[in-house]
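Printed here is data-v5.pdb (PDB, C-alpha atoms and all ligand atoms):
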```pdb
ATOM      1  CA  MET A   1      -8.705   4.028  89.146  1.00  0.00           C
ATOM      2  CA  ARG A   2      -5.856   1.960  87.837  1.00  0.00           C
ATOM      3  CA  ARG A   3      -6.450  -1.245  86.003  1.00  0.00           C
ATOM      4  CA  ILE A   4      -5.412  -4.575  87.362  1.00  0.00           C
ATOM      5  CA  LYS A   5      -2.711  -6.157  85.271  1.00  0.00           C
ATOM      6  CA  SER A   6      -4.266  -6.781  81.907  1.00  0.00           C
ATOM      7  CA  LYS A   7      -3.048  -8.267  78.699  1.00  0.00           C
ATOM      8  CA  ASP A   8      -1.732  -6.166  75.866  1.00  0.00           C
ATOM      9  CA  THR A   9      -0.750  -3.110  77.819  1.00  0.00           C
ATOM     10  CA  LYS A  10       1.283  -0.495  76.028  1.00  0.00           C
ATOM     11  CA  PRO A  11       4.572  -1.259  77.842  1.00  0.00           C
ATOM     12  CA  GLU A  12       4.163  -4.897  76.907  1.00  0.00           C
ATOM     13  CA  LYS A  13       3.568  -4.055  73.287  1.00  0.00           C
ATOM     14  CA  THR A  14       6.713  -1.964  73.257  1.00  0.00           C
ATOM     15  CA  VAL A  15       8.803  -4.818  74.623  1.00  0.00           C
ATOM     16  CA  ARG A  16       7.247  -7.261  72.164  1.00  0.00           C
ATOM     17  CA  SER A  17       7.965  -5.142  69.149  1.00  0.00           C
ATOM     18  CA  ILE A  18      11.573  -4.618  70.240  1.00  0.00           C
ATOM     19  CA  ALA A  19      11.998  -8.368  70.735  1.00  0.00           C
ATOM     20  CA  HIS A  20      10.539  -8.882  67.261  1.00  0.00           C
ATOM     21  CA  SER A  21      12.936  -6.373  65.777  1.00  0.00           C
ATOM     22  CA  LEU A  22      15.807  -8.392  67.260  1.00  0.00           C
ATOM     23  CA  GLY A  23      14.487 -11.499  65.500  1.00  0.00           C
ATOM     24  CA  LEU A  24      13.465 -13.238  68.704  1.00  0.00           C
ATOM     25  CA  ARG A  25      10.515 -15.587  68.787  1.00  0.00           C
ATOM     26  CA  PHE A  26       8.396 -15.951  71.865  1.00  0.00           C
ATOM     27  CA  ARG A  27       5.099 -17.065  73.316  1.00  0.00           C
ATOM     28  CA  LEU A  28       2.784 -14.769  75.181  1.00  0.00           C
ATOM     29  CA  HIS A  29       1.337 -15.349  78.629  1.00  0.00           C
ATOM     30  CA  ASP A  30       2.331 -18.985  78.793  1.00  0.00           C
ATOM     31  CA  LYS A  31      -0.081 -20.489  81.292  1.00  0.00           C
ATOM     32  CA  SER A  32       1.917 -23.678  81.641  1.00  0.00           C
ATOM     33  CA  LEU A  33       4.515 -21.725  83.630  1.00  0.00           C
ATOM     34  CA  PRO A  34       4.182 -20.183  87.098  1.00  0.00           C
ATOM     35  CA  GLY A  35       2.879 -16.628  86.888  1.00  0.00           C
ATOM     36  CA  SER A  36       2.063 -17.076  83.160  1.00  0.00           C
ATOM     37  CA  PRO A  37       5.028 -14.906  82.124  1.00  0.00           C
ATOM     38  CA  ASP A  38       4.423 -12.133  79.613  1.00  0.00           C
ATOM     39  CA  LEU A  39       7.041 -13.256  77.111  1.00  0.00           C
ATOM     40  CA  VAL A  40       8.516 -16.750  76.987  1.00  0.00           C
ATOM     41  CA  PHE A  41      11.512 -17.574  74.797  1.00  0.00           C
ATOM     42  CA  LYS A  42      11.582 -21.354  75.044  1.00  0.00           C
ATOM     43  CA  ARG A  43      14.546 -21.910  72.772  1.00  0.00           C
ATOM     44  CA  TYR A  44      16.694 -19.643  74.884  1.00  0.00           C
ATOM     45  CA  LYS A  45      15.249 -20.681  78.241  1.00  0.00           C
ATOM     46  CA  ARG A  46      14.434 -17.053  78.888  1.00  0.00           C
ATOM     47  CA  ILE A  47      11.473 -15.227  80.329  1.00  0.00           C
ATOM     48  CA  ILE A  48      10.545 -11.574  80.420  1.00  0.00           C
ATOM     49  CA  PHE A  49       8.040  -9.992  82.741  1.00  0.00           C
ATOM     50  CA  VAL A  50       6.790  -6.506  82.006  1.00  0.00           C
ATOM     51  CA  HIS A  51       5.756  -5.061  85.321  1.00  0.00           C
ATOM     52  CA  GLY A  52       3.473  -2.129  85.992  1.00  0.00           C
ATOM     53  CA  CYS A  53       5.301   0.149  88.422  1.00  0.00           C
ATOM     54  CA  PHE A  54       2.357   0.656  90.714  1.00  0.00           C
ATOM     55  CA  TRP A  55       1.127  -2.915  90.962  1.00  0.00           C
ATOM     56  CA  HIS A  56       4.518  -4.475  91.372  1.00  0.00           C
ATOM     57  CA  ASN A  57       5.908  -1.777  93.617  1.00  0.00           C
ATOM     58  CA  HIS A  58       8.832  -0.455  91.640  1.00  0.00           C
ATOM     59  CA  ASP A  59      11.422   1.158  93.916  1.00  0.00           C
ATOM     60  CA  SER A  60      10.098   4.655  94.473  1.00  0.00           C
ATOM     61  CA  GLN A  61      13.656   5.966  94.783  1.00  0.00           C
ATOM     62  CA  ILE A  62      14.104   5.443  91.060  1.00  0.00           C
ATOM     63  CA  CYS A  63      10.550   5.416  89.850  1.00  0.00           C
ATOM     64  CA  LYS A  64       8.247   8.367  89.551  1.00  0.00           C
ATOM     65  CA  ARG A  65       5.221   6.369  88.544  1.00  0.00           C
ATOM     66  CA  ASN A  66       4.901   4.420  91.713  1.00  0.00           C
ATOM     67  CA  HIS A  67       2.773   6.520  94.025  1.00  0.00           C
ATOM     68  CA  ILE A  68       0.376   5.060  96.480  1.00  0.00           C
ATOM     69  CA  SER A  69      -2.581   7.377  96.726  1.00  0.00           C
ATOM     70  CA  LYS A  70      -3.026   8.995 100.112  1.00  0.00           C
ATOM     71  CA  THR A  71      -6.605   7.805 100.388  1.00  0.00           C
ATOM     72  CA  ASN A  72      -6.904   4.153 101.306  1.00  0.00           C
ATOM     73  CA  LYS A  73      -3.183   3.933 101.741  1.00  0.00           C
ATOM     74  CA  LYS A  74      -3.404   0.877 103.975  1.00  0.00           C
ATOM     75  CA  TYR A  75      -5.654  -0.956 101.556  1.00  0.00           C
ATOM     76  CA  TRP A  76      -3.311  -0.410  98.608  1.00  0.00           C
ATOM     77  CA  SER A  77      -0.147  -1.137 100.546  1.00  0.00           C
ATOM     78  CA  GLU A  78      -1.489  -4.498 101.609  1.00  0.00           C
ATOM     79  CA  LYS A  79      -2.601  -5.388  98.110  1.00  0.00           C
ATOM     80  CA  ILE A  80       0.694  -4.396  96.609  1.00  0.00           C
ATOM     81  CA  GLU A  81       2.692  -6.174  99.263  1.00  0.00           C
ATOM     82  CA  LYS A  82       0.837  -9.353  98.362  1.00  0.00           C
ATOM     83  CA  ASN A  83       1.674  -8.857  94.707  1.00  0.00           C
ATOM     84  CA  GLN A  84       5.298  -8.404  95.586  1.00  0.00           C
ATOM     85  CA  GLU A  85       5.413 -11.573  97.638  1.00  0.00           C
ATOM     86  CA  ARG A  86       3.790 -13.444  94.800  1.00  0.00           C
ATOM     87  CA  ASP A  87       6.318 -12.044  92.302  1.00  0.00           C
ATOM     88  CA  LYS A  88       9.148 -13.173  94.514  1.00  0.00           C
ATOM     89  CA  LYS A  89       7.798 -16.701  94.827  1.00  0.00           C
ATOM     90  CA  ILE A  90       7.223 -16.995  91.105  1.00  0.00           C
ATOM     91  CA  LEU A  91      10.735 -15.773  90.389  1.00  0.00           C
ATOM     92  CA  GLU A  92      12.235 -18.322  92.755  1.00  0.00           C
ATOM     93  CA  ILE A  93      10.310 -21.171  91.168  1.00  0.00           C
ATOM     94  CA  LEU A  94      11.251 -20.148  87.646  1.00  0.00           C
ATOM     95  CA  LEU A  95      14.920 -19.787  88.546  1.00  0.00           C
ATOM     96  CA  SER A  96      14.892 -23.204  90.186  1.00  0.00           C
ATOM     97  CA  MET A  97      13.451 -24.603  86.949  1.00  0.00           C
ATOM     98  CA  GLY A  98      16.493 -23.267  85.114  1.00  0.00           C
ATOM     99  CA  TRP A  99      14.948 -20.247  83.437  1.00  0.00           C
ATOM    100  CA  PHE A 100      16.680 -16.914  83.047  1.00  0.00           C
ATOM    101  CA  VAL A 101      14.325 -14.159  84.051  1.00  0.00           C
ATOM    102  CA  LEU A 102      14.348 -10.469  83.183  1.00  0.00           C
ATOM    103  CA  VAL A 103      11.964  -7.908  84.637  1.00  0.00           C
ATOM    104  CA  ILE A 104      11.259  -4.803  82.633  1.00  0.00           C
ATOM    105  CA  TRP A 105       9.474  -1.970  84.372  1.00  0.00           C
ATOM    106  CA  GLU A 106       6.731   0.057  82.778  1.00  0.00           C
ATOM    107  CA  CYS A 107       8.641   3.299  83.313  1.00  0.00           C
ATOM    108  CA  GLU A 108      11.662   1.957  81.398  1.00  0.00           C
ATOM    109  CA  THR A 109       9.664   1.272  78.274  1.00  0.00           C
ATOM    110  CA  SER A 110       9.538   4.931  77.310  1.00  0.00           C
ATOM    111  CA  ASP A 111      13.180   4.560  76.273  1.00  0.00           C
ATOM    112  CA  CYS A 112      13.268   2.057  73.403  1.00  0.00           C
ATOM    113  CA  GLU A 113      17.051   2.178  73.016  1.00  0.00           C
ATOM    114  CA  LYS A 114      17.507   1.266  76.641  1.00  0.00           C
ATOM    115  CA  ILE A 115      15.124  -1.678  76.336  1.00  0.00           C
ATOM    116  CA  LYS A 116      16.855  -2.851  73.202  1.00  0.00           C
ATOM    117  CA  ALA A 117      20.223  -2.792  74.961  1.00  0.00           C
ATOM    118  CA  LYS A 118      18.735  -4.616  77.925  1.00  0.00           C
ATOM    119  CA  LEU A 119      17.314  -7.359  75.743  1.00  0.00           C
ATOM    120  CA  GLN A 120      20.561  -7.742  73.845  1.00  0.00           C
ATOM    121  CA  SER A 121      22.623  -8.197  76.974  1.00  0.00           C
ATOM    122  CA  PHE A 122      20.015 -10.535  78.456  1.00  0.00           C
ATOM    123  CA  PHE A 123      20.215 -12.806  75.417  1.00  0.00           C
ATOM    124  CA  ASP A 124      24.006 -12.587  75.266  1.00  0.00           C
ATOM    125  CA  GLN A 125      24.435 -14.004  78.755  1.00  0.00           C
TER     126      GLN A 125
HETATM  127 ZN    ZN A 201       8.897   2.335  87.497  1.00  0.00          ZN
END
```
Could you rewrite the structure in this file as structure tokens?
Ligand SMILES: [Zn+2]
Amino acid sequence: MRRIKSKDTKPEKTVRSIAHSLGLRFRLHDKSLPGSPDLVFKRYKRIIFVHGCFWHNHDSQICKRNHISKTNKKYWSEKIEKNQERDKKILEILLSMGWFVLVIWECETSDCEKIKAKLQSFFDQ
């Protein structure tokens, strides 16, 4: 059984340590913001979400980690659809508040160089 989104997952730790290595300061799981984003960079008005591929329904065309198990397919699809709707709403609210938002997928975090490049271009915007 997969875990529901929990704090301090490995992908999150990877993103954090890369952000650190770039000299960026951030808050974790800021509950004062919608969706209590994983990493919040107040000074830069930037937010990063680290999404688990399964729970947040990463596009299965590009992602090999996002498989819905054949048993209880309906149950999982409904759950995940709800998550996705929630993600969308949260994103809209944050954007309307003037935040820049970046989503990093679990499956991307195996490539540290790629994440580093992503962060750099996100903060260069
Ligand atoms: Zn993925």
Closest of A:Trp76, A:His58, A:Glu113, A:Gln84 to ligand ZN 201 (chain A) - atom-to-atom distances counting only C-alpha atoms and all ligand atoms:
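With only C-alpha atoms and all ligand atoms as the atom set, the closest residue is A:His58.
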Leaving out region 12-27 of chain A and any residue of its chain fewer than 4 positions from it, which residues lie within 7 Å of it when counting only C-alpha atoms, given as a JSON list (two decimals) with C-alpha atoms, keeping the file's coordinate frame?
```
[["chain", "number", "residue", "atom", "x", "y", "z"],
["A", 8, "ASP", "CA", -1.73, -6.17, 75.87],
["A", 39, "LEU", "CA", 7.04, -13.26, 77.11],
["A", 40, "VAL", "CA", 8.52, -16.75, 76.99],
["A", 41, "PHE", "CA", 11.51, -17.57, 74.80],
["A", 50, "VAL", "CA", 6.79, -6.51, 82.01],
["A", 109, "THR", "CA", 9.66, 1.27, 78.27],
["A", 116, "LYS", "CA", 16.86, -2.85, 73.20]]
```
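Distance-wise, CA of Lys10 (chain A) and CA of His56 (chain A) end up 16.2 Å apart.
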Using CA of Leu94 (chain A) and CA of Lys64 (chain A) as the two end points, give the distance in Å to one decimal.
28.7 Å
Step by step, measure atom-to-atom distances between ligand ZN 201 (chain A) and each residue using all atoms listed in the file, keep those at most 9 Å, then write them as an mmCIF file with C-alpha atoms, keeping the file's coordinate frame.
```cif
data_model
loop_
_atom_site.group_PDB
_atom_site.id
_atom_site.type_symbol
_atom_site.label_atom_id
_atom_site.label_comp_id
_atom_site.auth_asym_id
_atom_site.auth_seq_id
_atom_site.Cartn_x
_atom_site.Cartn_y
_atom_site.Cartn_z
ATOM 1 C CA HIS A 51 5.756 -5.061 85.321
ATOM 2 C CA GLY A 52 3.473 -2.129 85.992
ATOM 3 C CA CYS A 53 5.301 0.149 88.422
ATOM 4 C CA PHE A 54 2.357 0.656 90.714
ATOM 5 C CA HIS A 56 4.518 -4.475 91.372
ATOM 6 C CA ASN A 57 5.908 -1.777 93.617
ATOM 7 C CA HIS A 58 8.832 -0.455 91.640
ATOM 8 C CA ASP A 59 11.422 1.158 93.916
ATOM 9 C CA SER A 60 10.098 4.655 94.473
ATOM 10 C CA ILE A 62 14.104 5.443 91.060
ATOM 11 C CA CYS A 63 10.550 5.416 89.850
ATOM 12 C CA LYS A 64 8.247 8.367 89.551
ATOM 13 C CA ARG A 65 5.221 6.369 88.544
ATOM 14 C CA ASN A 66 4.901 4.420 91.713
ATOM 15 C CA ILE A 104 11.259 -4.803 82.633
ATOM 16 C CA TRP A 105 9.474 -1.970 84.372
ATOM 17 C CA GLU A 106 6.731 0.057 82.778
ATOM 18 C CA CYS A 107 8.641 3.299 83.313
ATOM 19 C CA GLU A 108 11.662 1.957 81.398
#
```
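You will find CA of Ile47 (chain A) at 6.1 Å from CA of Phe100 (chain A).
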I'd like the contact shell of Gly98 (chain A) - 10 Å cut-off, all atoms listed in the file, skipping same-chain residues fewer than 3 positions apart - returned as a ChimeraX atom specification.
/A:45-46,93-95,101
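With only C-alpha atoms as the atoms that count, the residue of A:Asn72, A:His29, A:Leu102, A:Asn83 with the shortest distance to Ser121 (chain A) is A:Leu102.
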Given the choices A:Ile48, A:Leu91, A:Val103, A:Ile80, which gets closest to Pro34 (chain A) if the distance is worked out from only C-alpha atoms?
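Result for the nearest residue to Pro34 (chain A): A:Leu91.
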Incomplete region 82-97 of chain A brought to N, CA and C atoms, written out as a PDB file, keeping the file's coordinate frame:
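Saved file rebuild-v6.pdb follows:
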```pdb
ATOM      1  N   LYS A  82       1.176  -7.993  98.769  1.00  0.00           N
ATOM      2  CA  LYS A  82       0.837  -9.353  98.362  1.00  0.00           C
ATOM      3  C   LYS A  82       1.356  -9.643  96.956  1.00  0.00           C
ATOM      4  N   ASN A  83       1.160  -8.696  96.068  1.00  0.00           N
ATOM      5  CA  ASN A  83       1.674  -8.857  94.707  1.00  0.00           C
ATOM      6  C   ASN A  83       3.173  -9.107  94.718  1.00  0.00           C
ATOM      7  N   GLN A  84       3.852  -8.313  95.536  1.00  0.00           N
ATOM      8  CA  GLN A  84       5.298  -8.404  95.586  1.00  0.00           C
ATOM      9  C   GLN A  84       5.766  -9.764  96.092  1.00  0.00           C
ATOM     10  N   GLU A  85       5.084 -10.252  97.113  1.00  0.00           N
ATOM     11  CA  GLU A  85       5.413 -11.573  97.638  1.00  0.00           C
ATOM     12  C   GLU A  85       5.212 -12.641  96.578  1.00  0.00           C
ATOM     13  N   ARG A  86       4.118 -12.496  95.847  1.00  0.00           N
ATOM     14  CA  ARG A  86       3.790 -13.444  94.800  1.00  0.00           C
ATOM     15  C   ARG A  86       4.875 -13.410  93.708  1.00  0.00           C
ATOM     16  N   ASP A  87       5.265 -12.199  93.304  1.00  0.00           N
ATOM     17  CA  ASP A  87       6.318 -12.044  92.302  1.00  0.00           C
ATOM     18  C   ASP A  87       7.590 -12.763  92.719  1.00  0.00           C
ATOM     19  N   LYS A  88       7.921 -12.596  93.995  1.00  0.00           N
ATOM     20  CA  LYS A  88       9.148 -13.173  94.514  1.00  0.00           C
ATOM     21  C   LYS A  88       9.109 -14.693  94.446  1.00  0.00           C
ATOM     22  N   LYS A  89       7.962 -15.256  94.851  1.00  0.00           N
ATOM     23  CA  LYS A  89       7.798 -16.701  94.827  1.00  0.00           C
ATOM     24  C   LYS A  89       7.906 -17.234  93.407  1.00  0.00           C
ATOM     25  N   ILE A  90       7.222 -16.559  92.502  1.00  0.00           N
ATOM     26  CA  ILE A  90       7.223 -16.995  91.105  1.00  0.00           C
ATOM     27  C   ILE A  90       8.642 -16.974  90.554  1.00  0.00           C
ATOM     28  N   LEU A  91       9.360 -15.897  90.856  1.00  0.00           N
ATOM     29  CA  LEU A  91      10.735 -15.773  90.389  1.00  0.00           C
ATOM     30  C   LEU A  91      11.605 -16.924  90.900  1.00  0.00           C
ATOM     31  N   GLU A  92      11.447 -17.226  92.181  1.00  0.00           N
ATOM     32  CA  GLU A  92      12.235 -18.322  92.755  1.00  0.00           C
ATOM     33  C   GLU A  92      11.948 -19.646  92.062  1.00  0.00           C
ATOM     34  N   ILE A  93      10.675 -19.902  91.817  1.00  0.00           N
ATOM     35  CA  ILE A  93      10.310 -21.171  91.168  1.00  0.00           C
ATOM     36  C   ILE A  93      10.905 -21.232  89.758  1.00  0.00           C
ATOM     37  N   LEU A  94      10.760 -20.141  89.022  1.00  0.00           N
ATOM     38  CA  LEU A  94      11.251 -20.148  87.646  1.00  0.00           C
ATOM     39  C   LEU A  94      12.773 -20.330  87.601  1.00  0.00           C
ATOM     40  N   LEU A  95      13.466 -19.652  88.504  1.00  0.00           N
ATOM     41  CA  LEU A  95      14.920 -19.787  88.546  1.00  0.00           C
ATOM     42  C   LEU A  95      15.318 -21.215  88.886  1.00  0.00           C
ATOM     43  N   SER A  96      14.565 -21.829  89.808  1.00  0.00           N
ATOM     44  CA  SER A  96      14.892 -23.204  90.186  1.00  0.00           C
ATOM     45  C   SER A  96      14.602 -24.180  89.052  1.00  0.00           C
ATOM     46  N   MET A  97      13.745 -23.758  88.119  1.00  0.00           N
ATOM     47  CA  MET A  97      13.451 -24.603  86.949  1.00  0.00           C
ATOM     48  C   MET A  97      14.483 -24.387  85.845  1.00  0.00           C
TER      49      MET A  97
END
```
